[in-house]
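K.L.:
So that we are looking at the same thing, I have put the structure below in structure tokens.
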Amino acid sequence: MTLIDLTAPTTTAPSRLRGLPVAIVGAGPIGLAAAANLSERGIDFVLLEAGDRIGASVVQWGHTRLFSPWKHLVDPAAARLLSETGWTPPPADSLPTGAELVEQFLAPLAALPAIAGRTRLGVDVTDVTREGMDRTRTTGRAQTPFLLRVRTADGVEELTARAVIDASGTYLTPNSLGSSGLDPLGLPEVADLVSHALPDVLGRERAAFAGRHTVVVGAGHSAANTLLKLATLAEQEPGTRITWVIRNATAARVTTSPDDELAARASIGARVDALVDAGRIELVDRFEIVRLARGSRDASSSVGRPSTNADDEASVARITGRRGDGLETISADRIVNATGFRPNLDMLREIRLELDDIVEAPRRLAPLIDPNVHSCGTVEPHGFAELTQPERDFFIVGMKSYGRAPTFLLATGYEQVRSVSAWLAGDAAAARNVELVLPATGVCSTGAPATAGAANETNGSCCS
């Protein structure tokens with residue numbers, strides 16, 4: 001087993017590290033919270049965001065309402081910095097959309113001079129390593145700067161840092177449509193017909209779904225969210241059809257359960273169940289996707305009813321799956337991949353990591369977030385100790401730290417980066433004193449709109 005160094009941090013950096021910033025990868029909520037915490041402690045940093053704006057991934061699902069109210073979405077260090085500018089926090093108990101989270105919190109935070117001057121947009125971190133060292137070299141490793149290779153509009157360049165906080169998230173790396181974990185055969189042929197999780201069905205992407213047959217793949221709350229919006233669209237647009245594909249016998253995470261501790265979460269499941277019972281959503285269970293192809297709508301070989309869409313047959317995706325002892329095929333105009341997310345570990349190939357074999361989370365954290373045991377609100381407080389890797393001063397935080405587990409809360413990520421920032425500042429006592437108070441229900445699911453009549457459903461892809 002690899003020995004992980006949990007001894008007290010040094011307050012004086014080795015000469016090769018002195019003067020180098022901490023590199024934060026990702027300018028989403030957790031990356032910006034890390035910047036706020038480092039700023040409060042007077043630690044220099046550089047914030048690297050692959051997108052062209054702050055919170056670029058959040059913006060993509062900005063039409064979706066979060067599960068947590070504002071009181072759990074604002075990082076304390078960020079709030080202290082913003083309060084100095086006269087910023088007024090939003091109503092504590094209201095539920096924002098992703099767009100509102102960016103506009104009312106992330107953007108003002110990123111605009112603070114202490115953060116704006118250290119932020120670089122359009123910088124995609126493709127690799128992290130140690131300067132002049134691959135992962136096999138040990139002598140002097142902890143005293144050697146990190147080297148980050150990045151891609152920008154001007155080309156490829158390299159940056160050095162004294163420490164790295166990877167808050168790059170998982171939204172850009174969805175799980176495969178294939179039950180094997182691999183992309184189904186033929187995916188490139190129909191890739192233009194596959195939508196990412198949480199498409200804006202009732203807004204900017206409406207034309208892609210209106211009057212068409214959509215197959216939603218996945219058994220979690222992001223799938224349920226999309227199904228509910230498609231059902232609304234079907235009421236407004238004739239010819240809109242919905243098929244829900246799951247690989248198990250039931251969608252346990254969203255199906256109504258009498259002992260569900262979260263009444264609002266059960267409400268989402270109840271609404272989807274009612275639509276299935278009414279025949280407005282066609283549920284295809286025990287369907288394991290193995291192959292995708294373009295082809296004609298052949299009703300005789302399709303699980304779904306014939307499409308009424310008159311588009312050219314080249315726009316049709318044929319989804320072949322193993323069901324029972326045989327293969328069956330569904331024809332669809334659009335496929336929504338709501339199968340969840342996974343961390344991008346390719347960029348960390350030269351970093352020494354200890355990750356759980358199953359969920360790909362830091363090994364010490366994995367038992368605390370196992371989705372088979374824990375909901376959002378039952379995760380124990382944790383910080384640098386659970387996130388520490390064999391690579392000293394390298395930390396995976398935020399949604400990415402949960403690997404493939406879907407139970408992440410922003411409040412949990414904020415406590416992670418507070419603890420990590422304290423550790424990097426040499427404040428071992430503060431780093432070890434982790435505290436996190438969450439409601440017993442976890443505030444991770446609600447089907448209630450933020451205000452009466454609000455149209456947006458809550459985000460079920462994660463718990464924030």
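A note on labels: chains of the structure tokens are A, B, ... as shown, every chain counts residues from 1, and ligands are counted from 1 in their shown order.
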List every residue of segment 18-204 of chain A that DSSP, applied to the backbone of this structure, places in strand (DSSP E or B), and write the result as a CSV table (one decimal) with N, CA, C and O atoms, in the first residue's frame.

P.N.:
```
chain,number,residue,atom,x,y,z
A,22,VAL,N,-0.8,28.4,-6.2
A,22,VAL,CA,-1.6,27.2,-6.2
A,22,VAL,C,-2.5,27.2,-7.5
A,22,VAL,O,-3.1,28.2,-7.8
A,23,ALA,N,-2.5,26.1,-8.3
A,23,ALA,CA,-3.3,26.1,-9.5
A,23,ALA,C,-4.7,25.4,-9.1
A,23,ALA,O,-4.7,24.3,-8.6
A,24,ILE,N,-5.7,26.1,-9.4
A,24,ILE,CA,-7.1,25.6,-9.2
A,24,ILE,C,-7.6,25.3,-10.6
A,24,ILE,O,-7.7,26.2,-11.5
A,25,VAL,N,-8.1,24.1,-10.8
A,25,VAL,CA,-8.6,23.7,-12.1
A,25,VAL,C,-10.1,23.7,-12.1
A,25,VAL,O,-10.7,22.9,-11.4
A,45,PHE,N,-2.7,32.3,-6.1
A,45,PHE,CA,-3.3,31.2,-6.9
A,45,PHE,C,-3.6,31.6,-8.3
A,45,PHE,O,-3.6,32.8,-8.6
A,46,VAL,N,-3.8,30.7,-9.2
A,46,VAL,CA,-4.3,30.9,-10.5
A,46,VAL,C,-5.5,30.0,-10.8
A,46,VAL,O,-5.4,28.8,-10.5
A,47,LEU,N,-6.5,30.6,-11.3
A,47,LEU,CA,-7.8,29.8,-11.5
A,47,LEU,C,-8.0,29.6,-13.0
A,47,LEU,O,-8.1,30.5,-13.8
A,48,LEU,N,-8.0,28.3,-13.4
A,48,LEU,CA,-8.0,28.0,-14.8
A,48,LEU,C,-9.3,27.4,-15.2
A,48,LEU,O,-9.7,26.3,-14.6
A,49,GLU,N,-10.0,28.0,-16.1
A,49,GLU,CA,-11.3,27.5,-16.6
A,49,GLU,C,-11.3,27.2,-18.1
A,49,GLU,O,-10.9,28.0,-18.9
A,65,ARG,N,-33.5,23.9,-12.1
A,65,ARG,CA,-33.5,24.4,-10.7
A,65,ARG,C,-32.8,23.4,-9.8
A,65,ARG,O,-32.9,22.2,-9.9
A,97,THR,N,-32.2,28.6,-10.1
A,97,THR,CA,-31.8,27.8,-11.2
A,97,THR,C,-30.2,27.9,-11.3
A,97,THR,O,-29.6,28.7,-10.6
A,119,THR,N,-7.6,34.9,-12.7
A,119,THR,CA,-8.4,33.9,-13.4
A,119,THR,C,-8.1,34.0,-14.9
A,119,THR,O,-7.9,35.1,-15.5
A,120,ARG,N,-8.0,32.8,-15.5
A,120,ARG,CA,-7.8,32.7,-16.9
A,120,ARG,C,-8.9,31.8,-17.5
A,120,ARG,O,-9.0,30.6,-17.1
A,121,LEU,N,-9.6,32.3,-18.5
A,121,LEU,CA,-10.7,31.6,-19.1
A,121,LEU,C,-10.2,31.0,-20.4
A,121,LEU,O,-9.2,31.5,-21.0
A,124,ASP,N,-7.8,25.0,-21.1
A,124,ASP,CA,-8.1,23.6,-20.8
A,124,ASP,C,-6.9,22.9,-20.3
A,124,ASP,O,-5.9,22.7,-21.1
A,125,VAL,N,-7.0,22.4,-19.1
A,125,VAL,CA,-5.8,21.6,-18.5
A,125,VAL,C,-5.9,20.2,-19.1
A,125,VAL,O,-6.9,19.5,-18.8
A,126,THR,N,-5.0,19.8,-19.8
A,126,THR,CA,-5.0,18.5,-20.4
A,126,THR,C,-4.1,17.5,-19.7
A,126,THR,O,-4.4,16.3,-19.8
A,127,ASP,N,-3.1,18.0,-18.9
A,127,ASP,CA,-2.2,17.0,-18.2
A,127,ASP,C,-1.7,17.7,-17.0
A,127,ASP,O,-1.4,18.9,-17.0
A,128,VAL,N,-1.5,16.9,-15.9
A,128,VAL,CA,-0.8,17.4,-14.7
A,128,VAL,C,0.3,16.4,-14.3
A,128,VAL,O,0.1,15.2,-14.3
A,129,THR,N,1.5,17.0,-14.0
A,129,THR,CA,2.6,16.1,-13.6
A,129,THR,C,3.5,16.9,-12.7
A,129,THR,O,3.1,18.0,-12.2
A,130,ARG,N,4.7,16.4,-12.5
A,130,ARG,CA,5.7,17.1,-11.8
A,130,ARG,C,6.8,17.6,-12.8
A,130,ARG,O,7.1,16.8,-13.7
A,133,MET,N,9.5,15.1,-14.0
A,133,MET,CA,9.3,13.8,-13.3
A,133,MET,C,8.1,13.2,-13.8
A,133,MET,O,7.0,13.8,-13.8
A,146,PHE,N,4.7,21.4,-9.5
A,146,PHE,CA,3.7,20.7,-10.5
A,146,PHE,C,3.9,21.4,-11.8
A,146,PHE,O,4.1,22.6,-11.9
A,147,LEU,N,3.7,20.6,-12.9
A,147,LEU,CA,3.6,21.2,-14.2
A,147,LEU,C,2.3,20.9,-14.8
A,147,LEU,O,1.8,19.7,-14.9
A,148,LEU,N,1.6,21.9,-15.3
A,148,LEU,CA,0.3,21.7,-15.9
A,148,LEU,C,0.4,22.1,-17.4
A,148,LEU,O,0.9,23.2,-17.7
A,149,ARG,N,0.1,21.2,-18.3
A,149,ARG,CA,0.0,21.4,-19.7
A,149,ARG,C,-1.4,21.9,-20.0
A,149,ARG,O,-2.3,21.2,-19.7
A,150,VAL,N,-1.5,23.0,-20.7
A,150,VAL,CA,-2.8,23.5,-21.0
A,150,VAL,C,-3.0,23.9,-22.5
A,150,VAL,O,-2.0,24.2,-23.2
A,151,ARG,N,-4.2,23.8,-23.0
A,151,ARG,CA,-4.5,24.2,-24.3
A,151,ARG,C,-5.4,25.4,-24.3
A,151,ARG,O,-6.4,25.5,-23.6
A,152,THR,N,-4.9,26.4,-25.1
A,152,THR,CA,-5.6,27.7,-25.2
A,152,THR,C,-5.9,28.0,-26.7
A,152,THR,O,-5.4,27.2,-27.6
A,155,GLY,N,-2.7,28.0,-28.6
A,155,GLY,CA,-1.9,26.8,-28.7
A,155,GLY,C,-1.7,26.2,-27.3
A,155,GLY,O,-2.5,26.4,-26.4
A,156,VAL,N,-0.6,25.4,-27.2
A,156,VAL,CA,-0.3,24.6,-26.0
A,156,VAL,C,0.8,25.3,-25.2
A,156,VAL,O,1.8,25.8,-25.8
A,157,GLU,N,0.6,25.4,-23.9
A,157,GLU,CA,1.7,26.0,-23.1
A,157,GLU,C,1.7,25.2,-21.8
A,157,GLU,O,0.9,24.3,-21.5
A,158,GLU,N,2.7,25.5,-20.9
A,158,GLU,CA,2.9,24.8,-19.7
A,158,GLU,C,3.0,25.8,-18.5
A,158,GLU,O,3.7,26.9,-18.7
A,159,LEU,N,2.4,25.5,-17.4
A,159,LEU,CA,2.4,26.4,-16.2
A,159,LEU,C,3.0,25.6,-15.0
A,159,LEU,O,2.8,24.3,-15.0
A,160,THR,N,3.6,26.2,-14.1
A,160,THR,CA,4.1,25.6,-12.9
A,160,THR,C,3.3,26.1,-11.7
A,160,THR,O,2.8,27.2,-11.6
A,161,ALA,N,3.2,25.2,-10.6
A,161,ALA,CA,2.4,25.6,-9.4
A,161,ALA,C,3.0,24.8,-8.2
A,161,ALA,O,3.7,23.8,-8.4
A,163,ALA,N,1.1,23.8,-5.7
A,163,ALA,CA,0.0,22.8,-5.4
A,163,ALA,C,-1.0,22.8,-6.4
A,163,ALA,O,-1.1,23.8,-7.2
A,164,VAL,N,-1.9,21.8,-6.5
A,164,VAL,CA,-3.0,21.7,-7.4
A,164,VAL,C,-4.2,21.3,-6.7
A,164,VAL,O,-4.3,20.3,-6.0
A,165,ILE,N,-5.3,22.1,-7.0
A,165,ILE,CA,-6.7,21.7,-6.5
A,165,ILE,C,-7.5,21.5,-7.7
A,165,ILE,O,-7.8,22.4,-8.5
A,166,ASP,N,-7.8,20.2,-8.0
A,166,ASP,CA,-8.6,19.8,-9.1
A,166,ASP,C,-10.1,19.9,-8.8
A,166,ASP,O,-10.6,19.0,-8.2
A,174,PRO,N,-19.7,12.4,-19.3
A,174,PRO,CA,-20.9,11.5,-18.9
A,174,PRO,C,-20.5,10.1,-19.0
A,174,PRO,O,-19.6,9.7,-19.7
A,185,LEU,N,-21.3,0.1,-29.8
A,185,LEU,CA,-20.9,0.0,-31.1
A,185,LEU,C,-21.7,0.9,-32.0
A,185,LEU,O,-23.0,1.0,-31.8
A,194,VAL,N,-27.5,12.4,-30.2
A,194,VAL,CA,-27.4,12.1,-28.7
A,194,VAL,C,-27.3,13.4,-28.0
A,194,VAL,O,-26.3,14.2,-28.2
A,195,SER,N,-28.2,13.7,-27.0
A,195,SER,CA,-28.1,14.9,-26.2
A,195,SER,C,-27.5,14.6,-24.9
A,195,SER,O,-27.6,13.5,-24.3
```

K.L.:
If you run DSSP over the backbone, which residues in segment 93-199 of chain A end up alpha helix (DSSP H)? Put them as an NGL selection string.

P.N.:
:A and (98-101 or 107-111 or 113-116 or 187-190)

K.L.:
Tell me which protein, DNA and RNA residues are within 12 Å of Ala35 of chain A, counting only C-alpha atoms, leaving out same-chain ones fewer than 5 positions away, and put them as a ChimeraX atom specification.

P.N.:
/A:21-30,40-48,75,77-78,81,106,109-119,164-167,414,417-418,420-421

K.L.:
As an exercise, work out the distance from atom CA of Arg323 of chain A to atom CA of Glu288 of chain A in Å and give it to one decimal place.

P.N.:
6.6 Å

K.L.:
In terms of the shortest atom-to-atom distance over only C-alpha atoms, which of A:Ile396, A:Val123, A:Leu187, A:Leu228 is closest to Val201 of chain A?

P.N.:
A:Leu228

K.L.:
As a PyMOL selection string, please: the residues near Ala142 of chain A (cut-off 10 Å, only C-alpha atoms, same-chain neighbours under 5 positions excluded).

P.N.:
chain A and resi 14+17+130+162-163+390-393

K.L.:
Generate a file of the selected residues that holds N, CA, C and O atoms, formatted as a PDB file, in the first residue's frame.

P.N.:
```pdb
ATOM      1  N   PRO A  14       9.761  24.920  -0.010  1.00  0.00           N
ATOM      2  CA  PRO A  14      11.112  24.739  -0.527  1.00  0.00           C
ATOM      3  C   PRO A  14      11.409  25.786  -1.588  1.00  0.00           C
ATOM      4  O   PRO A  14      10.509  26.338  -2.231  1.00  0.00           O
ATOM      5  N   LEU A  17       9.668  25.873  -4.906  1.00  0.00           N
ATOM      6  CA  LEU A  17       8.237  26.135  -4.897  1.00  0.00           C
ATOM      7  C   LEU A  17       7.904  27.568  -4.493  1.00  0.00           C
ATOM      8  O   LEU A  17       6.812  28.053  -4.778  1.00  0.00           O
ATOM      9  N   ARG A 130       4.681  16.401 -12.462  1.00  0.00           N
ATOM     10  CA  ARG A 130       5.718  17.145 -11.755  1.00  0.00           C
ATOM     11  C   ARG A 130       6.786  17.566 -12.776  1.00  0.00           C
ATOM     12  O   ARG A 130       7.064  16.839 -13.722  1.00  0.00           O
ATOM     13  N   ARG A 162       2.814  25.357  -7.052  1.00  0.00           N
ATOM     14  CA  ARG A 162       3.301  24.716  -5.823  1.00  0.00           C
ATOM     15  C   ARG A 162       2.348  23.635  -5.358  1.00  0.00           C
ATOM     16  O   ARG A 162       2.727  22.719  -4.640  1.00  0.00           O
ATOM     17  N   ALA A 163       1.065  23.751  -5.725  1.00  0.00           N
ATOM     18  CA  ALA A 163       0.041  22.776  -5.358  1.00  0.00           C
ATOM     19  C   ALA A 163      -1.050  22.834  -6.411  1.00  0.00           C
ATOM     20  O   ALA A 163      -1.149  23.809  -7.170  1.00  0.00           O
ATOM     21  N   PRO A 390      -1.289  10.234  -2.467  1.00  0.00           N
ATOM     22  CA  PRO A 390       0.154   9.994  -2.351  1.00  0.00           C
ATOM     23  C   PRO A 390       0.971  11.144  -2.938  1.00  0.00           C
ATOM     24  O   PRO A 390       2.108  11.358  -2.531  1.00  0.00           O
ATOM     25  N   GLU A 391       0.375  11.865  -3.890  1.00  0.00           N
ATOM     26  CA  GLU A 391       1.030  13.052  -4.460  1.00  0.00           C
ATOM     27  C   GLU A 391       0.798  14.226  -3.534  1.00  0.00           C
ATOM     28  O   GLU A 391      -0.307  14.775  -3.467  1.00  0.00           O
ATOM     29  N   ARG A 392       1.823  14.603  -2.783  1.00  0.00           N
ATOM     30  CA  ARG A 392       1.659  15.661  -1.781  1.00  0.00           C
ATOM     31  C   ARG A 392       1.208  16.965  -2.422  1.00  0.00           C
ATOM     32  O   ARG A 392       1.679  17.369  -3.472  1.00  0.00           O
ATOM     33  N   ASP A 393       0.246  17.615  -1.768  1.00  0.00           N
ATOM     34  CA  ASP A 393      -0.295  18.904  -2.185  1.00  0.00           C
ATOM     35  C   ASP A 393      -1.071  18.842  -3.498  1.00  0.00           C
ATOM     36  O   ASP A 393      -1.228  19.855  -4.182  1.00  0.00           O
TER      37      ASP A 393
END
```

K.L.:
Identify, on the basis of only C-alpha atoms, every residue whose closest approach to Asp285 of chain A does not exceed 8 Å; exclude the query and any residue fewer than 2 positions from it along the same chain; express the result as a list in words.

P.N.:
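Everything that qualifies: Val245, Ile246, Arg247, Asn248, Ala249, Thr250, Leu283 and Phe287 of chain A.
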
K.L.:
Go ahead and write the residues just picked, N, CA and C atoms, as a compact mmCIF listing (two decimals), in the first residue's frame.

P.N.:
```txt
# COMPACT_ATOMS: atom_id res chain seq x y z
N VAL A 245 -35.81 4.33 -21.14
CA VAL A 245 -35.07 3.07 -21.14
C VAL A 245 -34.22 2.96 -19.87
N ILE A 246 -34.40 1.86 -19.14
CA ILE A 246 -33.57 1.57 -17.98
C ILE A 246 -33.04 0.15 -18.09
N ARG A 247 -31.89 -0.10 -17.48
CA ARG A 247 -31.29 -1.43 -17.63
C ARG A 247 -31.73 -2.40 -16.54
N ASN A 248 -32.31 -1.88 -15.45
CA ASN A 248 -32.77 -2.74 -14.37
C ASN A 248 -34.29 -2.91 -14.44
N ALA A 249 -34.82 -3.67 -13.49
CA ALA A 249 -36.26 -3.90 -13.47
C ALA A 249 -37.04 -2.66 -13.06
N THR A 250 -36.44 -1.82 -12.20
CA THR A 250 -37.09 -0.59 -11.75
C THR A 250 -36.05 0.52 -11.67
N LEU A 283 -42.26 2.99 -20.77
CA LEU A 283 -41.12 2.48 -20.01
C LEU A 283 -40.65 1.16 -20.60
N PHE A 287 -33.31 -3.28 -20.31
CA PHE A 287 -32.82 -3.06 -21.68
C PHE A 287 -31.37 -2.61 -21.60
```

K.L.:
Give me the residues near Thr320 of chain A as a PyMOL selection string, where near means some atom within 9 Å (using only C-alpha atoms) and where sequence neighbours in that chain fewer than 5 positions away do not count.

P.N.:
chain A and resi 287-293+327-331
